[in-house]
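Next comes start_15.txt, with compact mmCIF, C-alpha atoms.
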```txt
# COMPACT_ATOMS: atom_id res chain seq x y z
CA MET A 1 80.60 -139.83 -131.45
CA ASN A 2 79.09 -142.80 -129.68
CA ASP A 3 75.37 -143.37 -130.03
CA LEU A 4 74.00 -143.21 -126.46
CA LYS A 5 71.42 -145.85 -127.35
CA ALA A 6 74.25 -148.28 -128.04
CA THR A 7 75.99 -147.81 -124.71
CA GLY A 8 75.85 -150.52 -122.08
CA THR A 9 74.69 -150.43 -118.49
CA LEU A 10 76.65 -150.87 -115.27
CA TYR A 11 74.80 -153.03 -112.75
CA VAL A 12 75.86 -152.67 -109.10
CA VAL A 13 75.10 -156.12 -107.71
CA ALA A 14 74.95 -157.06 -104.02
CA THR A 15 76.26 -160.53 -103.23
CA PRO A 16 76.06 -162.71 -100.08
CA ILE A 17 78.18 -161.83 -97.05
CA GLY A 18 78.40 -165.48 -96.03
CA ASN A 19 75.46 -167.72 -96.71
CA LEU A 20 75.20 -168.16 -100.49
CA GLY A 21 71.46 -168.74 -100.15
CA ASP A 22 71.05 -165.01 -99.52
CA ILE A 23 71.69 -164.04 -103.12
CA THR A 24 68.61 -162.60 -104.83
CA LEU A 25 66.93 -163.99 -107.93
CA ARG A 26 67.46 -160.67 -109.67
CA ALA A 27 71.18 -160.72 -108.85
CA LEU A 28 71.53 -164.21 -110.34
CA GLU A 29 69.64 -163.23 -113.47
CA THR A 30 71.81 -160.15 -113.89
CA LEU A 31 75.05 -162.08 -113.47
CA LYS A 32 73.86 -164.56 -116.09
CA VAL A 33 73.05 -162.01 -118.80
CA VAL A 34 75.81 -159.38 -118.51
CA ASP A 35 78.81 -159.46 -120.83
CA ALA A 36 81.39 -159.25 -118.03
CA ILE A 37 81.70 -158.99 -114.26
CA ALA A 38 83.99 -156.49 -112.52
CA ALA A 39 85.03 -158.13 -109.26
CA GLU A 40 87.06 -157.10 -106.20
CA ASP A 41 88.73 -160.54 -106.10
CA THR A 42 88.27 -162.60 -109.25
CA ARG A 43 89.15 -165.83 -107.43
CA HIS A 44 86.46 -165.25 -104.81
CA THR A 45 83.85 -164.32 -107.41
CA SER A 46 84.79 -167.36 -109.52
CA GLY A 47 83.75 -169.53 -106.60
CA LEU A 48 80.42 -167.74 -106.29
CA LEU A 49 79.71 -168.04 -110.02
CA SER A 50 80.75 -171.70 -110.10
CA HIS A 51 78.33 -172.46 -107.27
CA PHE A 52 75.45 -171.14 -109.37
CA GLY A 53 76.70 -172.56 -112.68
CA ILE A 54 77.58 -169.18 -114.20
CA SER A 55 80.58 -168.61 -116.47
CA LYS A 56 81.57 -165.03 -117.32
CA LYS A 57 84.59 -162.93 -118.19
CA LEU A 58 85.98 -161.41 -114.96
CA ILE A 59 87.71 -158.05 -114.63
CA ALA A 60 89.70 -157.24 -111.48
CA VAL A 61 88.56 -154.00 -109.80
CA HIS A 62 90.01 -153.53 -106.32
CA GLU A 63 91.17 -150.66 -104.11
CA HIS A 64 94.63 -150.55 -105.71
CA ASN A 65 93.50 -150.27 -109.33
CA GLU A 66 90.00 -148.81 -109.14
CA HIS A 67 90.78 -145.54 -110.93
CA GLN A 68 92.56 -147.26 -113.83
CA SER A 69 89.89 -149.96 -114.03
CA ALA A 70 87.15 -147.35 -114.15
CA GLU A 71 88.55 -145.99 -117.41
CA LYS A 72 88.75 -149.47 -118.94
CA LEU A 73 85.20 -150.29 -117.87
CA LEU A 74 83.94 -147.02 -119.29
CA THR A 75 85.49 -147.85 -122.68
CA GLN A 76 83.68 -151.20 -122.72
CA LEU A 77 80.39 -149.66 -121.57
CA LYS A 78 80.59 -147.03 -124.31
CA ALA A 79 81.12 -149.86 -126.78
CA GLY A 80 77.82 -151.40 -125.68
CA ALA A 81 78.89 -153.96 -123.09
CA ASN A 82 76.70 -154.56 -120.04
CA ILE A 83 78.82 -155.05 -116.92
CA ALA A 84 78.03 -156.18 -113.39
CA LEU A 85 80.06 -154.72 -110.51
CA VAL A 86 80.47 -156.91 -107.39
CA THR A 87 82.65 -157.04 -104.29
CA ASP A 88 83.70 -160.05 -102.26
CA ALA A 89 80.69 -159.70 -99.97
CA GLY A 90 77.75 -157.36 -99.63
CA THR A 91 77.05 -154.20 -101.57
CA PRO A 92 79.74 -152.45 -103.67
CA GLY A 93 80.74 -149.01 -102.46
CA ILE A 94 79.80 -149.66 -98.82
CA SER A 95 83.27 -149.77 -97.23
CA ASP A 96 84.27 -151.79 -100.28
CA PRO A 97 85.54 -150.84 -103.75
CA GLY A 98 82.94 -149.62 -106.22
CA ALA A 99 82.17 -145.99 -105.46
CA VAL A 100 85.01 -144.68 -107.65
CA VAL A 101 83.83 -146.74 -110.63
CA VAL A 102 80.19 -145.73 -110.16
CA ASP A 103 81.05 -142.04 -109.87
CA PHE A 104 83.29 -142.14 -112.95
CA VAL A 105 80.74 -144.00 -115.04
CA ARG A 106 77.76 -141.86 -114.00
CA LYS A 107 79.64 -138.64 -114.77
CA ALA A 108 80.23 -140.01 -118.26
CA GLY A 109 76.49 -140.32 -118.75
CA ILE A 110 76.35 -144.11 -118.57
CA LYS A 111 73.33 -145.69 -116.91
CA VAL A 112 73.99 -147.29 -113.51
CA VAL A 113 71.40 -149.69 -112.06
CA PRO A 114 71.40 -150.96 -108.45
CA ILE A 115 70.62 -154.63 -107.87
CA PRO A 116 70.04 -154.47 -104.10
CA GLY A 117 70.52 -157.27 -101.65
CA VAL A 118 72.63 -158.14 -98.64
CA SER A 119 74.22 -155.40 -96.53
CA ALA A 120 75.97 -156.23 -93.25
CA VAL A 121 74.96 -152.84 -91.82
CA ILE A 122 71.24 -153.42 -92.31
CA ALA A 123 71.47 -157.07 -91.27
CA ALA A 124 73.13 -156.06 -87.99
CA LEU A 125 70.61 -153.31 -87.26
CA SER A 126 67.70 -155.68 -87.91
CA VAL A 127 68.75 -158.05 -85.11
CA SER A 128 70.08 -155.50 -82.63
CA GLY A 129 66.78 -154.58 -81.03
CA ILE A 130 67.82 -150.92 -81.10
CA THR A 131 64.73 -148.73 -80.97
CA GLN A 132 66.40 -145.34 -81.42
CA ASN A 133 65.57 -143.60 -84.67
CA GLY A 134 68.36 -143.06 -87.15
CA PHE A 135 71.90 -144.31 -87.45
CA LEU A 136 75.25 -143.06 -88.70
CA PHE A 137 77.30 -145.59 -90.65
CA TYR A 138 80.97 -144.71 -90.27
CA GLY A 139 82.60 -147.84 -91.67
CA PHE A 140 86.15 -148.64 -90.54
CA LEU A 141 87.77 -146.39 -87.95
CA PRO A 142 91.42 -145.36 -88.52
CA ALA A 143 93.96 -148.08 -87.77
CA SER A 144 96.20 -146.03 -85.49
CA GLY A 145 95.10 -145.40 -81.93
CA ALA A 146 95.56 -141.62 -81.93
CA ALA A 147 93.65 -141.13 -85.18
CA ARG A 148 90.94 -143.54 -84.06
CA ARG A 149 90.38 -141.67 -80.78
CA LYS A 150 90.28 -138.36 -82.64
CA SER A 151 87.56 -139.69 -84.94
CA LEU A 152 85.58 -140.98 -81.97
CA GLU A 153 85.78 -137.57 -80.29
CA VAL A 154 84.06 -136.08 -83.35
CA LEU A 155 81.33 -138.72 -83.15
CA LYS A 156 80.88 -138.55 -79.38
CA THR A 157 77.89 -136.20 -79.36
CA GLN A 158 75.93 -137.87 -82.18
CA THR A 159 72.39 -138.63 -80.99
CA VAL A 160 71.90 -141.54 -83.40
CA THR A 161 73.23 -145.09 -83.28
CA LEU A 162 76.84 -145.30 -84.46
CA VAL A 163 77.64 -148.21 -86.79
CA PHE A 164 81.20 -149.36 -87.47
CA TYR A 165 82.99 -152.17 -89.26
CA GLU A 166 86.07 -153.57 -87.56
CA ALA A 167 88.79 -156.11 -88.30
CA PRO A 168 89.60 -158.91 -85.82
CA HIS A 169 93.18 -157.79 -85.15
CA ARG A 170 91.96 -154.35 -84.00
CA ILE A 171 88.71 -155.23 -82.25
CA VAL A 172 89.99 -155.15 -78.64
CA GLU A 173 91.86 -151.86 -79.07
CA SER A 174 88.92 -150.23 -80.87
CA ILE A 175 86.44 -151.25 -78.20
CA ALA A 176 88.76 -149.99 -75.45
CA ASP A 177 89.01 -146.62 -77.22
CA MET A 178 85.23 -146.48 -77.62
CA ALA A 179 84.75 -147.04 -73.90
CA THR A 180 87.26 -144.30 -73.08
CA VAL A 181 86.07 -141.70 -75.58
CA LEU A 182 82.35 -142.37 -76.05
CA GLY A 183 81.60 -143.40 -72.47
CA ALA A 184 81.84 -146.72 -70.66
CA GLU A 185 78.11 -146.84 -69.96
CA ARG A 186 77.04 -146.84 -73.58
CA ARG A 187 75.54 -150.03 -74.96
CA VAL A 188 77.37 -151.83 -77.77
CA THR A 189 76.07 -154.67 -79.93
CA PHE A 190 78.52 -157.02 -81.59
CA ALA A 191 77.30 -158.57 -84.85
CA ARG A 192 80.09 -161.01 -85.71
CA GLU A 193 80.38 -163.31 -88.73
CA LEU A 194 76.85 -162.52 -89.91
CA THR A 195 75.14 -165.36 -91.84
CA LYS A 196 78.16 -167.62 -91.29
CA THR A 197 78.64 -170.72 -89.14
CA PHE A 198 79.85 -168.86 -86.05
CA GLU A 199 77.44 -165.94 -86.24
CA THR A 200 77.29 -164.10 -82.91
CA ILE A 201 74.97 -161.31 -81.77
CA TYR A 202 75.88 -159.98 -78.32
CA SER A 203 75.10 -156.75 -76.44
CA CYS A 204 76.68 -155.27 -73.32
CA ASP A 205 77.92 -151.97 -71.92
CA LEU A 206 81.22 -150.78 -73.36
CA VAL A 207 82.77 -151.04 -69.89
CA ASP A 208 82.26 -154.82 -70.01
CA ALA A 209 82.98 -155.36 -73.71
CA VAL A 210 86.76 -155.87 -73.57
CA THR A 211 86.36 -158.41 -70.78
CA TRP A 212 83.83 -160.33 -72.88
CA LEU A 213 86.16 -160.36 -75.87
CA GLN A 214 89.14 -161.51 -73.83
CA ALA A 215 87.19 -164.22 -72.03
CA ASP A 216 86.89 -166.17 -75.29
CA THR A 217 89.46 -165.43 -77.99
CA ASN A 218 87.14 -167.04 -80.55
CA GLN A 219 84.98 -163.92 -80.20
CA GLN A 220 87.90 -161.89 -81.53
CA ARG A 221 87.82 -163.68 -84.88
CA GLY A 222 85.99 -162.88 -88.09
CA GLU A 223 84.30 -159.76 -89.38
CA PHE A 224 82.50 -157.35 -87.08
CA VAL A 225 79.69 -154.86 -87.29
CA LEU A 226 79.58 -152.74 -84.12
CA LEU A 227 76.50 -150.77 -83.13
CA VAL A 228 77.04 -148.23 -80.37
CA GLU A 229 74.23 -146.56 -78.47
CA ALA A 230 73.52 -142.93 -79.34
CA ALA A 231 74.63 -140.12 -77.08
CA ALA A 232 72.01 -139.27 -74.50
CA VAL A 233 69.93 -136.24 -75.33
CA ARG A 234 70.23 -133.69 -72.53
CA GLU A 235 66.80 -132.64 -71.36
CA ALA A 236 66.02 -128.95 -71.18
CA GLU A 237 65.44 -129.06 -67.43
CA GLU A 238 68.06 -130.03 -64.88
CA PHE A 239 67.78 -133.10 -62.68
CA SER A 240 65.30 -132.84 -59.86
CA GLU A 241 66.59 -132.29 -56.33
CA GLU A 242 65.52 -135.85 -55.45
CA VAL A 243 67.59 -137.37 -58.28
CA VAL A 244 70.65 -135.37 -57.25
CA ARG A 245 70.17 -136.35 -53.60
CA ILE A 246 69.91 -140.07 -54.40
CA LEU A 247 72.92 -140.02 -56.72
CA LYS A 248 75.09 -138.15 -54.21
CA LEU A 249 74.15 -140.54 -51.40
CA LEU A 250 74.96 -143.61 -53.47
CA LEU A 251 78.25 -142.16 -54.69
CA VAL A 252 79.45 -141.94 -51.10
CA ASP A 253 79.58 -145.71 -50.66
CA LEU A 254 79.38 -147.21 -54.15
CA PRO A 255 81.54 -147.21 -57.28
CA LEU A 256 80.38 -144.71 -59.88
CA LYS A 257 79.00 -147.31 -62.29
CA GLN A 258 76.89 -149.02 -59.61
CA ALA A 259 75.67 -145.71 -58.18
CA VAL A 260 74.53 -144.58 -61.63
CA LYS A 261 72.82 -147.90 -62.35
CA LEU A 262 70.86 -147.87 -59.09
CA THR A 263 69.90 -144.21 -59.46
CA ALA A 264 68.61 -144.89 -62.97
CA GLU A 265 66.54 -147.82 -61.71
CA ILE A 266 65.10 -145.79 -58.83
CA THR A 267 64.36 -142.59 -60.74
CA ASN A 268 63.85 -143.81 -64.34
CA GLU A 269 66.37 -141.23 -65.53
CA LYS A 270 68.57 -142.00 -68.56
CA LYS A 271 71.67 -143.90 -67.50
CA ASN A 272 73.97 -142.20 -70.00
CA TYR A 273 72.93 -138.75 -68.87
CA LEU A 274 73.28 -139.76 -65.21
CA TYR A 275 76.74 -141.17 -65.87
CA GLU A 276 77.99 -137.89 -67.32
CA PHE A 277 76.45 -135.98 -64.43
CA ALA A 278 78.00 -138.40 -61.91
CA LEU A 279 81.43 -137.81 -63.47
CA THR A 280 80.87 -134.09 -63.02
CA LEU A 281 80.04 -134.61 -59.34
CA LYS A 282 83.10 -136.80 -58.84
CA ASN A 283 85.38 -134.26 -60.48
CA ALA A 284 83.89 -131.50 -58.34
CA GLN A 285 84.67 -133.50 -55.22
```
Write out the structure in this file as structure tokens.
Amino acid sequence: MNDLKATGTLYVVATPIGNLGDITLRALETLKVVDAIAAEDTRHTSGLLSHFGISKKLIAVHEHNEHQSAEKLLTQLKAGANIALVTDAGTPGISDPGAVVVDFVRKAGIKVVPIPGVSAVIAALSVSGITQNGFLFYGFLPASGAARRKSLEVLKTQTVTLVFYEAPHRIVESIADMATVLGAERRVTFARELTKTFETIYSCDLVDAVTWLQADTNQQRGEFVLLVEAAAVREAEEFSEEVVRILKLLLVDLPLKQAVKLTAEITNEKKNYLYEFALTLKNAQ
């Protein structure tokens, strides 16, 4: 039987998502002293280590071999090796490989230590200016349109900010589905290529988001974090007679979006809630 005191430790190490200067001192120290590094892409991690003058044995641990690799890592940890777990960018296990390894190792009684650092989710939230409390991190939506829209339907009533990752080749379609399912009047913030040369932070209503993306195809490139405004919380009381009167009058001569915007400005009511109510009025007509 293995002596527990002789077992190694698995360190879950966050690495930069772009700018190499974002790595922490503790992460560097950990990478220097461990016996091996389990990496999503050994070529990518080799570049990171070379930049900081670190030379270590690398073990490939990616989405296609994570279960098998977990067993091999466990054997080494039980033998006393200390191992760092990294992904190509950011924090392992956050829409990246790592969770399977961590779960397997922890269940075996091996110590797992987080070495926190960069996370694209938190970086995006910090510059979004969103004041709503709470957020729900979903990660990547399904690739197919039907499955994606089904997932969005489930999320539609969430009253916290929705946070997604998205790939460049699906960004336009995903945004279009969000506008259709979640509501065109919801605010979306694009956090694109965070910490990299072409970093972009841009906010608009979902109804205008596809047009913005298509106006400059460069904005369709790179890695995205998308932050979508929470569903409006329906107040206990109904709209006042004055709010209903103003909205109905404006709907006679103005497009729905403009009527809602003006009513919100006049009455200080929530635009999202007004938009849903305006749709109800339109459908009734």
With 12 Å as the cut-off and only C-alpha atoms counted, what is the closest atom pair between each nearby residue of stretch 157-179 of chain A and stretch 91-114 of chain A? Distances in Å to one decimal, ordered by chain and number, as JSON lines.
```
{"residue": "A:Val163", "atom": "CA", "partner": "A:Ser95", "partner_atom": "CA", "distance": 12.0}
{"residue": "A:Phe164", "atom": "CA", "partner": "A:Ser95", "partner_atom": "CA", "distance": 10.0}
{"residue": "A:Tyr165", "atom": "CA", "partner": "A:Ser95", "partner_atom": "CA", "distance": 8.3}
{"residue": "A:Glu166", "atom": "CA", "partner": "A:Ser95", "partner_atom": "CA", "distance": 10.8}
```
Each residue of stretch 209-253 of chain A lying at most 10 Å from stretch 123-138 of chain A should get a row with its shortest atom-to-atom pair and the distance in Å to one decimal, counting only C-alpha atoms; could you produce that, ordered by chain and increasing number, as a Markdown table?
```
| residue | atom | partner | partner_atom | distance |
| --- | --- | --- | --- | --- |
| A:Phe224 | CA | A:Ala124 | CA | 9.5 |
| A:Val225 | CA | A:Ala124 | CA | 6.7 |
| A:Leu226 | CA | A:Ala124 | CA | 8.2 |
| A:Leu227 | CA | A:Leu125 | CA | 7.6 |
| A:Val228 | CA | A:Phe135 | CA | 9.6 |
| A:Glu229 | CA | A:Ile130 | CA | 8.2 |
| A:Ala230 | CA | A:Gln132 | CA | 7.8 |
```
Interatomic distance, atom CA of A:Leu49 to atom CA of A:Ser119 (Å, one decimal):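 These two atoms are separated by 19.3 Å.
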Enter the distance from atom CA of A:Lys261 to atom CA of A:Ile246, in Å, rounded to one decimal.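 Separation between atom CA of A:Lys261 and atom CA of A:Ile246: 11.5 Å.
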Top pick for closest residue to A:Val13, considering A:Lys282, A:His51, A:Lys257, A:Lys32 and counting all atoms listed in the file: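 Looking only at the distances to A:Val13, the closest residue turns out to be A:Lys32.
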Set the distance at 12 Å and use all atoms listed in the file: which residues neighbour A:Glu173 once local chain neighbours fewer than 3 positions away are removed? I'd like the list as a PyMOL selection string. chain A and resi 141-146+148-149+166-170+176-180+209-211+213-214+220
Which residue, A:Ala232, A:Leu249, A:Thr280, A:Thr195, has the smallest gap to A:Val160 when you use all atoms listed in the file? A:Ala232
Quick one, how far is atom CA of A:Val188 from atom CA of A:Asn268? 20.7 Å
Let me make sure I understand: among A:Asn82, A:Val34, A:Leu162, A:Trp212, which one has the smallest atom-to-atom distance to A:Phe140 if we use all atoms listed in the file? A:Leu162
Which of A:Arg245, A:Lys57, A:Lys271, A:Lys156 sits closest to A:Arg187 [using only C-alpha atoms]: A:Lys271
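Among the candidates A:Asp22, A:Glu223, A:Glu63, A:Glu71, the one nearest to A:Glu40 when counting all atoms listed in the file is A:Glu63.
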Could you tell me, as a PyMOL selection string, which residues have any atom at most 10 Å from (73.0, -163.2, -101.2), counting all atoms listed in the file? chain A and resi 13-25+27-28+89-91+116-119+195
Measuring atom to atom with only C-alpha atoms, identify which of A:Leu251, A:Ser46, A:Val121, A:Arg26 is nearest to A:Phe190.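 Of A:Leu251, A:Ser46, A:Val121, A:Arg26, the one nearest A:Phe190 is A:Val121, counting only C-alpha atoms.
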Just save stretch 75-95 of chain A with N, CA and C atoms, as a compact mmCIF listing (two decimals), in the first residue's frame.
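Done, and the output landed in result.txt:
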```
# COMPACT_ATOMS: atom_id res chain seq x y z
N THR A 75 -1.05 7.37 -11.42
CA THR A 75 0.05 6.45 -11.12
C THR A 75 1.30 7.22 -10.72
N GLN A 76 1.59 8.29 -11.46
CA GLN A 76 2.78 9.09 -11.16
C GLN A 76 2.63 9.85 -9.85
N LEU A 77 1.43 10.36 -9.61
CA LEU A 77 1.18 11.09 -8.36
C LEU A 77 1.32 10.16 -7.16
N LYS A 78 0.81 8.95 -7.29
CA LYS A 78 0.92 7.98 -6.19
C LYS A 78 2.38 7.60 -5.93
N ALA A 79 3.18 7.72 -6.99
CA ALA A 79 4.61 7.39 -6.84
C ALA A 79 5.40 8.55 -6.26
N GLY A 80 4.71 9.68 -6.02
CA GLY A 80 5.37 10.81 -5.38
C GLY A 80 5.67 12.00 -6.27
N ALA A 81 5.29 11.93 -7.54
CA ALA A 81 5.56 13.04 -8.46
C ALA A 81 4.60 14.20 -8.21
N ASN A 82 5.11 15.41 -8.30
CA ASN A 82 4.26 16.61 -8.27
C ASN A 82 4.05 17.05 -9.71
N ILE A 83 2.79 17.27 -10.07
CA ILE A 83 2.45 17.56 -11.46
C ILE A 83 1.60 18.82 -11.55
N ALA A 84 1.92 19.66 -12.54
CA ALA A 84 1.11 20.85 -12.82
C ALA A 84 0.19 20.54 -14.00
N LEU A 85 -1.04 20.96 -13.90
CA LEU A 85 -2.03 20.79 -14.98
C LEU A 85 -2.33 22.15 -15.59
N VAL A 86 -2.13 22.29 -16.91
CA VAL A 86 -2.40 23.57 -17.58
C VAL A 86 -3.19 23.31 -18.86
N THR A 87 -3.86 24.36 -19.34
CA THR A 87 -4.49 24.31 -20.66
C THR A 87 -3.77 25.33 -21.54
N ASP A 88 -4.24 25.45 -22.76
CA ASP A 88 -3.59 26.39 -23.68
C ASP A 88 -3.70 27.83 -23.20
N ALA A 89 -4.83 28.15 -22.56
CA ALA A 89 -5.05 29.52 -22.11
C ALA A 89 -6.10 29.54 -21.00
N GLY A 90 -5.81 30.28 -19.94
CA GLY A 90 -6.78 30.42 -18.87
C GLY A 90 -6.69 29.33 -17.83
N THR A 91 -7.84 29.03 -17.22
CA THR A 91 -7.89 28.11 -16.09
C THR A 91 -8.39 26.73 -16.51
N PRO A 92 -7.67 25.67 -16.22
CA PRO A 92 -8.11 24.32 -16.57
C PRO A 92 -9.50 24.01 -16.00
N GLY A 93 -10.29 23.28 -16.79
CA GLY A 93 -11.61 22.87 -16.33
C GLY A 93 -12.71 23.87 -16.61
N ILE A 94 -12.36 25.07 -17.08
CA ILE A 94 -13.36 26.09 -17.40
C ILE A 94 -13.52 26.12 -18.91
N SER A 95 -14.43 25.26 -19.42
CA SER A 95 -14.61 25.06 -20.86
C SER A 95 -13.31 24.63 -21.53
```
